[in-house]
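Have a look at the structure below, then the notes.
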Amino acid sequence: MNYDVIIVGAGFAGSVMAQKFHEDGKKVLVIESRKHIGGNMYDYIDENGVNRHQYGPHIFHTNSKRVVDYLSNFTDWYPYVHRVLGKVNGHIVPIPFNLKSIEDSFEAEKAERLKKVLVDSYGMDKKVPILELRKNKDPNVVELANYIYEYVFKYYTMKQWGLTVEQIDPNVTNRVPVNVSYDDRYFADAYQIMPKEGYTKIFEKMLDGVEVWLNTKANDVLHVDVEDKKIYFQNEEFKGILIYTGAVDELLDYHLGELPYRSLRFDIETHDGQYQQATTINYPTPHSQNAFTRITEYKLMMENYPKDKTTIAIEYPLAYDRKAYEGNIPYYPIFTEENQAKYERYCSLLDDIDNLYLLGRLAEYKYYNMDAIIDKALDLYEKIR
Ligand code: FAD
Ligand code: UDP
């Protein structure tokens, strides 16, 4: 029971820390509430022979050579460039919205005019966030900006977050800019690759030799006392290092109320052959037309995929309710100033507990992609060491 390091959560945040400390000869325990490791990256081959990502499609992309080098200790890769189409005002066009999307959306003469004003305004190869595009003073640009806002961002964002574009942190919509180019890739990163044998295999290798308790919630075995600033593990004071990658409100028994999250439901369907033209098709249509935001056909992400059957996931955003049957997974922190302030009040309760570290998308209440959290975990390990 003499653990040097206890880690809550077996996603990338927890597993990188576990792998590094274990490699260092430390006695490590990982506590995971789910019945499997891998966090939201958990995948498996389903009944159709398709690699299904249980918690939504996860595409690996990064500019960090350090992250690729680190993960390459646990996997080989194949190249995969993610392309997304969207149902935009009745037309199926590439997203991010780019010069080709303009051509596909308007008749030739108007398309030429709109492309020209966009290129004249920003220059070729620029990426412009929608909120910035809307501030442009040129009425021709504003016409286009309003169109893209209305048909690409407005309803998708309302469905995804239950908030308007203006209510959510601008960094959220900045993730999908308007491309003043013909670049139709969803991501612009230098490395766009997928693990040859899927994500779960990476986690199996990372956690090889590490003690993992599945089906165990942190609060079943751990208690953080914010008054005497101590951590208790199975009712005894724990003086080792605790890395916590779950939600802080849960860790502190909702002491200051609940932190808001957004949840999802994935409706899974089997079809014959191929279902759609691209791995993901976005539906930025009003809720009354489509209550879902996107449909992903998992096999189109695979290196070699079965031809006869296919599995699709239809993604429905939902209000998060930890006690509900549906919507009880906190997928996304909701990025508003008010929520951030509440999160910081929680953190201030934990400030002086020197052997506790918060790491990860839930614990830090941030919109991290996989590569960012791996990078952050590698940094934290160096810092603690
Ligand atoms: P998680 O993967 O969520 O792992 C946290 C783990 O901790 C979970 O296994 C959870 O069960 C466990 N846990 C939580 N609380 C407790 C507790 N109290 N006790 C015990 N265990 C607990 N990123 C990309 O780079 N590319 C993508 O394409 C991409 N697509 C995404 C799609 C969706 C729908 C979502 C929601 C996210 C996507 N991401 C993507 C982001 C990616 O999922 C995160 O960057 C990543 O999961 C962060 O890792 P983590 O370890 O912080 O969290
Ligand atoms: N977004 C949108 N329309 C789209 C795609 C994205 O309005 O067709 C907005 C929406 O607010 C979304 C955000 O951009 O939440 C980020 O999109 P991304 O695809 O990065 O979301 P994720 O894959 O993380 O859910």
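Lettering and numbering for the structure tokens are positional, with chains as A, B, ... in the shown order, residues counted from 1 in each chain, and ligands counted from 1 in the shown order.
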Listing only residues of chain A within 9 Å of ligand 2, what is the closest atom pair and its distance in Å (to one decimal) for each, using only C-alpha atoms and all ligand atoms, sorted by chain and residue number ascending, as JSON lines?
{"residue": "A:Gly56", "atom": "CA", "partner": "ligand 2", "partner_atom_place_in_ligand_line": "23 (O)", "distance": 8.9}
{"residue": "A:Pro57", "atom": "CA", "partner": "ligand 2", "partner_atom_place_in_ligand_line": "23 (O)", "distance": 8.1}
{"residue": "A:His58", "atom": "CA", "partner": "ligand 2", "partner_atom_place_in_ligand_line": "23 (O)", "distance": 8.3}
{"residue": "A:Val84", "atom": "CA", "partner": "ligand 2", "partner_atom_place_in_ligand_line": "8 (O)", "distance": 8.6}
{"residue": "A:Leu85", "atom": "CA", "partner": "ligand 2", "partner_atom_place_in_ligand_line": "8 (O)", "distance": 8.4}
{"residue": "A:Gly86", "atom": "CA", "partner": "ligand 2", "partner_atom_place_in_ligand_line": "8 (O)", "distance": 6.3}
{"residue": "A:Lys87", "atom": "CA", "partner": "ligand 2", "partner_atom_place_in_ligand_line": "8 (O)", "distance": 8.6}
{"residue": "A:Val88", "atom": "CA", "partner": "ligand 2", "partner_atom_place_in_ligand_line": "8 (O)", "distance": 8.6}
{"residue": "A:Ile95", "atom": "CA", "partner": "ligand 2", "partner_atom_place_in_ligand_line": "8 (O)", "distance": 6.4}
{"residue": "A:Pro96", "atom": "CA", "partner": "ligand 2", "partner_atom_place_in_ligand_line": "8 (O)", "distance": 7.4}
{"residue": "A:Phe97", "atom": "CA", "partner": "ligand 2", "partner_atom_place_in_ligand_line": "8 (O)", "distance": 8.6}
{"residue": "A:Tyr149", "atom": "CA", "partner": "ligand 2", "partner_atom_place_in_ligand_line": "7 (O)", "distance": 8.0}
{"residue": "A:Tyr151", "atom": "CA", "partner": "ligand 2", "partner_atom_place_in_ligand_line": "3 (N)", "distance": 8.4}
{"residue": "A:Val152", "atom": "CA", "partner": "ligand 2", "partner_atom_place_in_ligand_line": "3 (N)", "distance": 4.8}
{"residue": "A:Phe153", "atom": "CA", "partner": "ligand 2", "partner_atom_place_in_ligand_line": "7 (O)", "distance": 3.2}
{"residue": "A:Lys154", "atom": "CA", "partner": "ligand 2", "partner_atom_place_in_ligand_line": "7 (O)", "distance": 6.0}
{"residue": "A:Tyr155", "atom": "CA", "partner": "ligand 2", "partner_atom_place_in_ligand_line": "7 (O)", "distance": 6.8}
{"residue": "A:Tyr156", "atom": "CA", "partner": "ligand 2", "partner_atom_place_in_ligand_line": "7 (O)", "distance": 4.5}
{"residue": "A:Thr157", "atom": "CA", "partner": "ligand 2", "partner_atom_place_in_ligand_line": "11 (O)", "distance": 3.9}
{"residue": "A:Met158", "atom": "CA", "partner": "ligand 2", "partner_atom_place_in_ligand_line": "11 (O)", "distance": 7.5}
{"residue": "A:Lys159", "atom": "CA", "partner": "ligand 2", "partner_atom_place_in_ligand_line": "11 (O)", "distance": 8.6}
{"residue": "A:Gln160", "atom": "CA", "partner": "ligand 2", "partner_atom_place_in_ligand_line": "15 (O)", "distance": 5.7}
{"residue": "A:Trp161", "atom": "CA", "partner": "ligand 2", "partner_atom_place_in_ligand_line": "15 (O)", "distance": 6.9}
{"residue": "A:Thr164", "atom": "CA", "partner": "ligand 2", "partner_atom_place_in_ligand_line": "11 (O)", "distance": 8.5}
{"residue": "A:Val165", "atom": "CA", "partner": "ligand 2", "partner_atom_place_in_ligand_line": "11 (O)", "distance": 6.7}
{"residue": "A:Ile168", "atom": "CA", "partner": "ligand 2", "partner_atom_place_in_ligand_line": "11 (O)", "distance": 8.0}
{"residue": "A:Pro170", "atom": "CA", "partner": "ligand 2", "partner_atom_place_in_ligand_line": "11 (O)", "distance": 8.9}
{"residue": "A:Asn171", "atom": "CA", "partner": "ligand 2", "partner_atom_place_in_ligand_line": "13 (C)", "distance": 8.5}
{"residue": "A:Val172", "atom": "CA", "partner": "ligand 2", "partner_atom_place_in_ligand_line": "13 (C)", "distance": 5.0}
{"residue": "A:Thr173", "atom": "CA", "partner": "ligand 2", "partner_atom_place_in_ligand_line": "14 (O)", "distance": 4.0}
{"residue": "A:Asn174", "atom": "CA", "partner": "ligand 2", "partner_atom_place_in_ligand_line": "14 (O)", "distance": 6.8}
{"residue": "A:Arg175", "atom": "CA", "partner": "ligand 2", "partner_atom_place_in_ligand_line": "20 (O)", "distance": 5.2}
{"residue": "A:Val176", "atom": "CA", "partner": "ligand 2", "partner_atom_place_in_ligand_line": "14 (O)", "distance": 5.3}
{"residue": "A:Pro177", "atom": "CA", "partner": "ligand 2", "partner_atom_place_in_ligand_line": "14 (O)", "distance": 8.3}
{"residue": "A:Tyr186", "atom": "CA", "partner": "ligand 2", "partner_atom_place_in_ligand_line": "19 (O)", "distance": 8.1}
{"residue": "A:Ile281", "atom": "CA", "partner": "ligand 2", "partner_atom_place_in_ligand_line": "8 (O)", "distance": 8.6}
{"residue": "A:Asn282", "atom": "CA", "partner": "ligand 2", "partner_atom_place_in_ligand_line": "8 (O)", "distance": 5.3}
{"residue": "A:Tyr283", "atom": "CA", "partner": "ligand 2", "partner_atom_place_in_ligand_line": "8 (O)", "distance": 6.7}
{"residue": "A:Pro284", "atom": "CA", "partner": "ligand 2", "partner_atom_place_in_ligand_line": "8 (O)", "distance": 5.4}
{"residue": "A:Thr293", "atom": "CA", "partner": "ligand 2", "partner_atom_place_in_ligand_line": "8 (O)", "distance": 7.9}
{"residue": "A:Arg294", "atom": "CA", "partner": "ligand 2", "partner_atom_place_in_ligand_line": "8 (O)", "distance": 8.3}
{"residue": "A:Tyr332", "atom": "CA", "partner": "ligand 2", "partner_atom_place_in_ligand_line": "25 (O)", "distance": 8.3}
{"residue": "A:Tyr367", "atom": "CA", "partner": "ligand 2", "partner_atom_place_in_ligand_line": "24 (O)", "distance": 7.6}
{"residue": "A:Tyr368", "atom": "CA", "partner": "ligand 2", "partner_atom_place_in_ligand_line": "24 (O)", "distance": 8.8}
{"residue": "A:Asn369", "atom": "CA", "partner": "ligand 2", "partner_atom_place_in_ligand_line": "24 (O)", "distance": 7.8}
Contacts to ligand 1 at 7 Å cut-off (only C-alpha atoms and all ligand atoms) as a ChimeraX atom specification: /A:8-14,31-34,37-41,55-61,216-219,245-247,250-251,331-332,359-362,368-371,373
Residues within 9 Å of Asn136 of chain A, only C-alpha atoms, excluding chain neighbours under 6 positions, as an MDAnalysis selection string: chainID A and resid 121 142 145
Show me a table, sorted first by chain and then by increasing residue number, of the residues of segment 54-147 of chain A having an atom at most 7 Å from segment 189-200 of chain A, each with its shortest atom pair and the distance in Å to one decimal, counting only C-alpha atoms and written as a Markdown table.
| residue | atom | partner | partner_atom | distance |
| --- | --- | --- | --- | --- |
| A:Ile59 | CA | A:Met194 | CA | 6.9 |
| A:Phe60 | CA | A:Met194 | CA | 5.8 |
| A:His61 | CA | A:Gln192 | CA | 4.6 |
| A:Thr62 | CA | A:Asp189 | CA | 5.2 |
| A:Asn63 | CA | A:Ala190 | CA | 5.1 |
| A:Thr75 | CA | A:Pro195 | CA | 6.0 |
| A:Asp76 | CA | A:Lys196 | CA | 5.5 |
| A:Trp77 | CA | A:Pro195 | CA | 4.6 |
| A:Tyr78 | CA | A:Met194 | CA | 5.5 |
| A:Pro79 | CA | A:Ile193 | CA | 4.4 |
| A:Tyr80 | CA | A:Ile193 | CA | 5.0 |
| A:Val81 | CA | A:Gln192 | CA | 5.8 |
Generate a file of the selected residues that holds C-alpha atoms, formatted as a PDB file, in the first residue's frame.
ATOM      1  CA  ILE A  59      -8.122  12.190 -34.795  1.00  0.00           C
ATOM      2  CA  PHE A  60      -4.488  12.649 -33.904  1.00  0.00           C
ATOM      3  CA  HIS A  61      -2.848  15.869 -35.105  1.00  0.00           C
ATOM      4  CA  THR A  62      -0.028  17.939 -33.672  1.00  0.00           C
ATOM      5  CA  ASN A  63       2.829  20.307 -34.395  1.00  0.00           C
ATOM      6  CA  THR A  75       2.797   2.672 -31.501  1.00  0.00           C
ATOM      7  CA  ASP A  76       3.525   2.748 -35.219  1.00  0.00           C
ATOM      8  CA  TRP A  77       1.493   5.143 -37.332  1.00  0.00           C
ATOM      9  CA  TYR A  78      -0.244   5.520 -40.672  1.00  0.00           C
ATOM     10  CA  PRO A  79      -0.900   8.855 -42.376  1.00  0.00           C
ATOM     11  CA  TYR A  80      -4.453  10.158 -42.130  1.00  0.00           C
ATOM     12  CA  VAL A  81      -5.652  13.632 -43.106  1.00  0.00           C
TER      13      VAL A  81
END
Nearest to Leu356 of chain A, chosen from A:Ile241, A:Ile314, A:Leu163, A:Val178, with only C-alpha atoms counted in the distances: A:Ile241
Which of segment 176-219 of chain A fall in alpha helix (DSSP H), as a PyMOL selection string: chain A and resi 199-206+218-219
Shell of 7 Å around segment 334-342 of chain A, only C-alpha atoms, local chain residues under 6 positions omitted, as a VMD selection string: chain A and resid 168 to 169 259 to 262
Top pick for closest residue to Asn304 of chain A, considering A:Ile6, A:Leu29, A:Leu133, A:Asn51 and counting only C-alpha atoms: A:Asn51
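In this comparison, which uses only C-alpha atoms, the residue of A:Asp138, A:Glu297, A:Asp46, A:Asp104 approaching Val117 of chain A most closely is A:Asp138.
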Closest of A:Tyr325, A:Cys347, A:Glu204, A:Asp120 to Val226 of chain A - atom-to-atom distances counting only C-alpha atoms: A:Cys347
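Taking atom CA of Pro94 of chain A and atom CA of Lys135 of chain A as the two end points, the separation is 23.3 Å.
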List as an mmCIF file with N, CA, C and O atoms, in the first residue's frame the protein and nucleic acid residues near Asp379 of chain A, meaning an atom at most 12 Å away when only C-alpha atoms are counted, but skip any in the same chain fewer than 6 places from it.
data_model
loop_
_atom_site.group_PDB
_atom_site.id
_atom_site.type_symbol
_atom_site.label_atom_id
_atom_site.label_comp_id
_atom_site.auth_asym_id
_atom_site.auth_seq_id
_atom_site.Cartn_x
_atom_site.Cartn_y
_atom_site.Cartn_z
ATOM 1 N N ALA A 13 -3.703 12.085 -19.812
ATOM 2 C CA ALA A 13 -3.083 12.830 -18.702
ATOM 3 C C ALA A 13 -2.545 11.844 -17.670
ATOM 4 O O ALA A 13 -1.356 11.871 -17.321
ATOM 5 N N VAL A 16 0.258 9.097 -19.140
ATOM 6 C CA VAL A 16 1.628 9.611 -19.363
ATOM 7 C C VAL A 16 2.341 9.706 -18.018
ATOM 8 O O VAL A 16 3.482 9.259 -17.862
ATOM 9 N N MET A 17 1.658 10.260 -17.018
ATOM 10 C CA MET A 17 2.276 10.398 -15.694
ATOM 11 C C MET A 17 2.621 9.014 -15.132
ATOM 12 O O MET A 17 3.698 8.804 -14.586
ATOM 13 N N LYS A 20 5.663 7.472 -16.930
ATOM 14 C CA LYS A 20 6.942 8.126 -16.613
ATOM 15 C C LYS A 20 7.393 7.775 -15.188
ATOM 16 O O LYS A 20 8.553 7.438 -14.971
ATOM 17 N N ARG A 66 8.007 16.457 -30.159
ATOM 18 C CA ARG A 66 8.228 15.810 -28.865
ATOM 19 C C ARG A 66 7.078 14.831 -28.538
ATOM 20 O O ARG A 66 7.307 13.710 -28.073
ATOM 21 N N VAL A 67 5.848 15.253 -28.817
ATOM 22 C CA VAL A 67 4.698 14.395 -28.520
ATOM 23 C C VAL A 67 4.692 13.170 -29.442
ATOM 24 O O VAL A 67 4.462 12.045 -28.999
ATOM 25 N N LEU A 359 -4.437 17.833 -13.435
ATOM 26 C CA LEU A 359 -3.941 17.731 -14.809
ATOM 27 C C LEU A 359 -5.036 17.142 -15.688
ATOM 28 O O LEU A 359 -5.695 16.180 -15.307
ATOM 29 N N ALA A 372 -1.956 18.310 -26.757
ATOM 30 C CA ALA A 372 -1.697 19.360 -25.758
ATOM 31 C C ALA A 372 -1.609 18.747 -24.367
ATOM 32 O O ALA A 372 -0.770 19.136 -23.554
ATOM 33 N N ILE A 373 -2.461 17.761 -24.101
ATOM 34 C CA ILE A 373 -2.453 17.190 -22.756
ATOM 35 C C ILE A 373 -1.233 16.290 -22.565
ATOM 36 O O ILE A 373 -0.661 16.215 -21.464
ATOM 37 N N ARG A 385 9.694 15.906 -10.981
ATOM 38 C CA ARG A 385 10.914 15.129 -10.813
ATOM 39 C C ARG A 385 12.045 16.023 -10.333
ATOM 40 O O ARG A 385 12.841 15.673 -9.495
#
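Minimum distance to Leu378 of chain A across A:Ile148, A:Ala324, A:Leu222, A:Ala18 (counting only C-alpha atoms) occurs at A:Ala18.
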